[in-house]
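So this one's target.cif, mmCIF, C-alpha atoms:
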```cif
data_upload
#
loop_
_atom_site.label_atom_id
_atom_site.label_comp_id
_atom_site.auth_asym_id
_atom_site.auth_seq_id
_atom_site.Cartn_x
_atom_site.Cartn_y
_atom_site.Cartn_z
CA MET A 1 -45.25 36.56 215.58
CA ASN A 2 -46.61 36.45 219.12
CA ARG A 3 -49.24 34.03 220.37
CA ASN A 4 -52.24 36.35 219.90
CA GLU A 5 -51.25 37.13 216.32
CA ALA A 6 -50.87 33.41 215.59
CA ILE A 7 -54.31 32.70 217.05
CA GLU A 8 -55.86 35.55 215.00
CA LYS A 9 -54.20 34.21 211.85
CA ASN A 10 -55.47 30.67 212.51
CA VAL A 11 -58.99 31.92 213.20
CA SER A 12 -58.92 34.01 210.03
CA ASP A 13 -57.69 31.02 208.01
CA ALA A 14 -60.43 28.82 209.49
CA ILE A 15 -63.18 31.34 208.74
CA THR A 16 -62.05 31.80 205.16
CA ALA A 17 -61.46 28.02 204.77
CA LYS A 18 -57.91 28.64 203.59
CA PRO A 19 -56.31 25.39 202.40
CA ILE A 20 -52.92 24.13 203.50
CA ARG A 21 -50.73 23.68 200.43
CA PHE A 22 -47.85 21.24 200.00
CA SER A 23 -45.90 19.61 197.18
CA VAL A 24 -44.51 16.15 196.59
CA LYS A 25 -41.35 15.94 194.49
CA TYR A 26 -40.21 12.69 192.91
CA THR A 27 -38.52 11.25 189.87
CA GLN A 28 -40.31 9.17 187.28
CA LYS A 29 -38.69 6.76 184.83
CA GLU A 30 -40.14 6.58 181.35
CA THR A 31 -39.31 4.05 178.67
CA ILE A 32 -39.35 5.53 175.18
CA ASN A 33 -39.33 3.41 172.02
CA ILE A 34 -37.58 5.06 169.07
CA GLU A 35 -38.29 3.55 165.67
CA THR A 36 -35.80 4.11 162.86
CA THR A 37 -36.02 3.09 159.22
CA GLU A 38 -32.96 2.51 157.03
CA LYS A 39 -32.63 1.75 153.34
CA VAL A 40 -30.29 -1.16 152.84
CA ALA A 41 -29.06 -2.50 149.50
CA VAL A 42 -30.48 -5.94 148.76
CA HIS A 43 -27.32 -7.15 147.12
CA ARG A 44 -23.97 -5.47 146.66
CA LEU A 45 -24.02 -6.18 142.93
CA LEU A 46 -27.42 -4.49 142.61
CA PRO A 47 -26.97 -1.23 144.54
CA PHE A 48 -30.13 0.30 143.07
CA LEU A 49 -32.37 -2.31 144.77
CA HIS A 50 -33.13 -1.34 148.34
CA LYS A 51 -35.24 -2.68 151.13
CA GLU A 52 -36.34 -0.86 154.26
CA VAL A 53 -35.22 -2.20 157.60
CA LYS A 54 -36.96 -1.00 160.73
CA SER A 55 -35.27 -1.08 164.10
CA VAL A 56 -36.59 -0.17 167.52
CA LYS A 57 -34.33 1.28 170.18
CA THR A 58 -35.51 1.80 173.75
CA GLU A 59 -34.29 4.57 176.00
CA GLU A 60 -35.08 5.30 179.61
CA LYS A 61 -35.57 8.91 180.60
CA VAL A 62 -35.77 10.16 184.14
CA ARG A 63 -38.01 13.16 184.72
CA ASP A 64 -38.35 15.24 187.86
CA MET A 65 -42.02 15.51 188.79
CA VAL A 66 -43.82 17.78 191.25
CA ASN A 67 -47.42 17.30 192.35
CA HIS A 68 -49.10 20.13 194.23
CA PHE A 69 -51.84 19.35 196.76
CA GLU A 70 -54.20 21.38 198.94
CA MET A 71 -55.77 20.25 202.20
CA HIS A 72 -59.05 22.09 202.61
CA PRO A 73 -60.93 22.08 205.92
CA PRO A 74 -62.99 18.88 205.95
CA THR A 75 -66.65 18.77 205.05
CA LEU A 76 -69.02 16.57 207.01
CA GLY A 77 -68.67 13.71 204.51
CA LYS A 78 -64.90 13.93 204.48
CA MET A 79 -64.90 14.08 208.28
CA GLN A 80 -66.88 10.83 208.38
CA ILE A 81 -64.19 9.07 206.32
CA LEU A 82 -61.34 10.69 208.26
CA SER A 83 -62.92 9.68 211.58
CA LYS A 84 -62.76 5.98 210.65
CA LEU A 85 -59.06 6.36 209.89
CA TYR A 86 -58.29 8.47 213.00
CA LEU A 87 -59.82 5.80 215.21
CA GLN A 88 -57.36 3.23 213.79
CA LEU A 89 -54.41 5.33 215.00
CA GLU A 90 -53.19 4.75 218.54
CA PHE A 91 -52.77 8.30 219.80
CA ASP A 92 -51.37 8.96 223.22
CA GLU A 93 -53.36 12.13 223.88
CA GLU A 94 -51.18 13.16 226.80
CA ALA A 95 -48.00 12.87 224.68
CA LEU A 96 -49.77 14.65 221.81
CA SER A 97 -50.51 17.67 224.00
CA LYS A 98 -47.00 17.74 225.54
CA SER A 99 -44.86 17.16 222.43
CA PRO A 100 -46.99 16.96 219.28
CA HIS A 101 -44.08 16.53 216.83
CA VAL A 102 -42.59 13.55 218.69
CA GLU A 103 -45.99 11.87 219.01
CA ALA A 104 -46.78 12.55 215.34
CA MET A 105 -43.47 10.96 214.31
CA ARG A 106 -44.24 7.91 216.46
CA ILE A 107 -47.71 7.53 214.94
CA CYS A 108 -46.38 7.99 211.41
CA GLU A 109 -43.73 5.35 211.93
CA ALA A 110 -46.20 2.86 213.41
CA HIS A 111 -49.10 3.49 210.98
CA THR A 112 -47.62 4.71 207.70
CA ASP A 113 -50.32 3.14 205.52
CA ILE A 114 -53.15 4.76 207.50
CA ILE A 115 -51.37 8.14 207.40
CA CYS A 116 -51.08 7.83 203.61
CA GLN A 117 -54.81 7.09 203.39
CA LEU A 118 -55.54 10.09 205.64
CA MET A 119 -53.44 12.31 203.39
CA ALA A 120 -55.18 10.97 200.26
CA VAL A 121 -58.63 11.66 201.71
CA SER A 122 -57.66 15.09 203.04
CA VAL A 123 -56.55 16.36 199.61
CA CYS A 124 -59.79 15.30 197.91
CA ARG A 125 -61.88 18.27 196.86
CA THR A 126 -65.11 16.76 195.54
CA GLU A 127 -67.47 13.97 196.53
CA SER A 128 -66.59 12.01 193.40
CA GLU A 129 -62.90 12.09 194.37
CA LEU A 130 -63.76 10.85 197.88
CA LEU A 131 -65.77 7.94 196.51
CA ASP A 132 -63.22 6.89 193.87
CA ASP A 133 -61.28 4.10 195.61
CA ALA A 134 -58.83 3.69 192.72
CA GLU A 135 -57.88 7.38 192.84
CA LEU A 136 -57.53 7.32 196.65
CA THR A 137 -55.26 4.27 196.41
CA LYS A 138 -53.19 5.95 193.70
CA LYS A 139 -52.72 9.08 195.85
CA ALA A 140 -51.95 7.04 198.97
CA ASP A 141 -49.27 5.09 197.06
CA LEU A 142 -47.78 8.33 195.75
CA PHE A 143 -47.51 9.65 199.30
CA LYS A 144 -46.19 6.33 200.62
CA TRP A 145 -43.31 6.07 198.16
CA HIS A 146 -42.37 9.72 197.72
CA CYS A 147 -42.78 11.41 201.11
CA THR A 148 -40.35 11.48 204.00
CA PRO A 149 -41.29 10.70 207.62
CA GLU A 150 -41.04 14.43 208.32
CA ASP A 151 -43.58 15.11 205.54
CA PHE A 152 -45.94 12.57 207.09
CA SER A 153 -45.74 14.10 210.56
CA ASN A 154 -46.17 17.67 209.27
CA CYS A 155 -49.24 16.66 207.27
CA LEU A 156 -50.64 14.72 210.22
CA LEU A 157 -50.28 17.73 212.50
CA ALA A 158 -51.88 19.97 209.87
CA MET A 159 -54.81 17.55 209.51
CA LEU A 160 -55.23 17.33 213.27
CA THR A 161 -55.25 21.12 213.49
CA GLN A 162 -57.83 21.44 210.73
CA THR A 163 -60.16 18.85 212.23
CA ASP A 164 -59.62 20.06 215.78
CA TYR A 165 -58.64 16.61 216.98
CA GLU A 166 -59.34 17.25 220.65
CA ASN A 167 -62.99 18.19 220.04
CA PHE A 168 -63.28 15.29 217.61
CA MET A 169 -62.14 12.73 220.22
CA ILE A 170 -64.49 14.17 222.84
CA SER A 171 -67.41 13.89 220.43
CA MET A 172 -66.40 10.29 219.56
CA ARG A 173 -66.37 9.37 223.27
CA LEU A 174 -69.82 10.94 223.67
CA MET A 175 -71.08 9.02 220.63
CA LYS A 176 -69.75 5.80 222.15
CA MET A 177 -71.56 6.56 225.42
CA LEU A 178 -74.77 7.34 223.53
CA ARG A 179 -74.55 4.00 221.72
CA LEU A 180 -74.30 2.26 225.12
CA ASN A 181 -77.37 4.17 226.29
CA LYS A 182 -79.33 3.37 223.12
CA PRO A 183 -82.95 2.56 224.00
CA THR A 184 -83.89 -1.09 223.90
CA GLU A 185 -86.96 -2.30 222.01
CA GLN A 186 -88.92 -2.46 225.24
CA ARG A 187 -88.06 1.12 226.25
CA ALA A 188 -88.61 2.36 222.71
CA SER A 189 -92.12 0.89 222.58
CA ARG A 190 -93.06 2.71 225.81
CA ILE A 191 -92.03 6.03 224.27
CA GLU A 192 -94.40 5.61 221.32
#
```
Any chance you could give the structure as structure tokens?
Amino acid sequence: MNRNEAIEKNVSDAITAKPIRFSVKYTQKETINIETTEKVAVHRLLPFLHKEVKSVKTEEKVRDMVNHFEMHPPTLGKMQILSKLYLQLEFDEEALSKSPHVEAMRICEAHTDIICQLMAVSVCRTESELLDDAELTKKADLFKWHCTPEDFSNCLLAMLTQTDYENFMISMRLMKMLRLNKPTEQRASRIE
């Protein structure tokens, strides 16, 4: 696929809001209690008298689990939450433009917990999911313990592509400048 075809595909995906899909594979241990009941003779001289004896045996089973996730292009509310997390990352924008994979790996190694939170927020689909802190923590822990550093960097690059990180940082700098130029009470009273 040449560069123009890749650009057309990305534009088409953005217009149709096509999600980025990924899966997390892991194993889960389960403890199962198995109850058994036996009839035991009360006395060997009286074999017709029985009593029931219950026993509980525990077994551990290991199951292979797969969770499927979709990262949809962020809404304005999701972008607000993501922006707080992006600002906590220490991006070297020059290194990000020269070698994005190396910079993404560096960021993921230095800020794993924040990356996990970013991933948890980015896979939320509804407002109620975004506002449910317990569910976000659960997803972030799942990512933290079951994803590889390569998974983190791939997801980070996908999130940065979806949010158009460069435009986001420019708008954040402009917002910071606007806050510095915020009218004082004296100037605001003259305007009224």
*When the PyMOL selection byres ((chain A and resi 63) around 7) is applied to the file above, which residues end up in the set, as JSON, numbers by chain?*
{"A": [27, 28, 29, 61, 62, 64, 65]}
*Using all atoms listed in the file, can you list as number ranges by chain the residues within 12 Å of (-56.2, 13.8, 206.8)?*
A: 20, 70-75, 78-86, 89, 114-124, 140, 152-165
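A straight line drawn from atom CA of Thr126 of chain A to atom CA of Lys138 of chain A is 16.2 Å long.
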_Gap from atom CA of Leu130 of chain A to atom CA of Glu30 of chain A - Å, one decimal_ =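 Those two atoms sit 29.1 Å apart.
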*Please evaluate the PyMOL selection byres ((chain A and resi 110) around 12) against the structure above and give the resulting residues as a PyMOL selection string.*
chain A and resi 88-91+103-109+111-115+149+152-153
Which polymer residues, whether protein, DNA or RNA, lie within 9 Å of the coordinate (-44.0, 19.2, 199.3) when you count only C-alpha atoms? List them as a PDB file with C-alpha atoms, in the coordinates of the input, using the chain letters and numbers from the file.
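Saved result, out30.pdb, follows:
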```
ATOM      1  CA  ARG A  21     -50.730  23.680 200.430  1.00  0.00           C
ATOM      2  CA  PHE A  22     -47.850  21.240 200.000  1.00  0.00           C
ATOM      3  CA  SER A  23     -45.900  19.610 197.180  1.00  0.00           C
ATOM      4  CA  VAL A  24     -44.510  16.150 196.590  1.00  0.00           C
ATOM      5  CA  LYS A  25     -41.350  15.940 194.490  1.00  0.00           C
ATOM      6  CA  VAL A  66     -43.820  17.780 191.250  1.00  0.00           C
ATOM      7  CA  ASN A  67     -47.420  17.300 192.350  1.00  0.00           C
ATOM      8  CA  HIS A  68     -49.100  20.130 194.230  1.00  0.00           C
ATOM      9  CA  PHE A  69     -51.840  19.350 196.760  1.00  0.00           C
ATOM     10  CA  CYS A 147     -42.780  11.410 201.110  1.00  0.00           C
ATOM     11  CA  ASP A 151     -43.580  15.110 205.540  1.00  0.00           C
TER      12      ASP A 151
END
```
Once you add 5 Å to each side, what are the centre and edge lengths of the axis-aligned box holding all listed atoms of segment 136-145 of chain A? One decimal in Å, as AutoDock Vina command-line options, if you can.
```
--center_x -50.4 --center_y 7.0 --center_z 197.2 --size_x 24.2 --size_y 15.4 --size_z 16.9
```
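The smallest atom-to-atom distance between Glu129 of chain A and any of A:Glu93, A:Ile34, A:Phe143, A:Gly77, using only C-alpha atoms, is found for A:Gly77.
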*What does the distance between atom CA of His101 of chain A and atom CA of Asp141 of chain A come to in Å, to one decimal place?*
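Atom CA of Asp141 of chain A lies at a distance of 23.4 Å from atom CA of His101 of chain A.
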Residue members of the PyMOL selection byres ((chain A and resi 53) around 12) in the file shown, as a short mmCIF file (atom, residue, chain, number, x, y, z; two decimals) with C-alpha atoms, keeping the file's coordinate frame:
```cif
data_model
loop_
_atom_site.label_atom_id
_atom_site.label_comp_id
_atom_site.auth_asym_id
_atom_site.auth_seq_id
_atom_site.Cartn_x
_atom_site.Cartn_y
_atom_site.Cartn_z
CA GLU A 35 -38.29 3.55 165.67
CA THR A 36 -35.80 4.11 162.86
CA THR A 37 -36.02 3.09 159.22
CA GLU A 38 -32.96 2.51 157.03
CA LYS A 39 -32.63 1.75 153.34
CA VAL A 40 -30.29 -1.16 152.84
CA ALA A 41 -29.06 -2.50 149.50
CA VAL A 42 -30.48 -5.94 148.76
CA HIS A 50 -33.13 -1.34 148.34
CA LYS A 51 -35.24 -2.68 151.13
CA GLU A 52 -36.34 -0.86 154.26
CA LYS A 54 -36.96 -1.00 160.73
CA SER A 55 -35.27 -1.08 164.10
CA VAL A 56 -36.59 -0.17 167.52
#
```
_Calculated over all atoms listed in the file, which of the candidates A:Tyr26, A:Ile32, A:Lys9, A:Arg125 has the smallest distance to Lys144 of chain A?_
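Going through A:Tyr26, A:Ile32, A:Lys9, A:Arg125 one by one, the smallest distance to Lys144 of chain A is for A:Tyr26.
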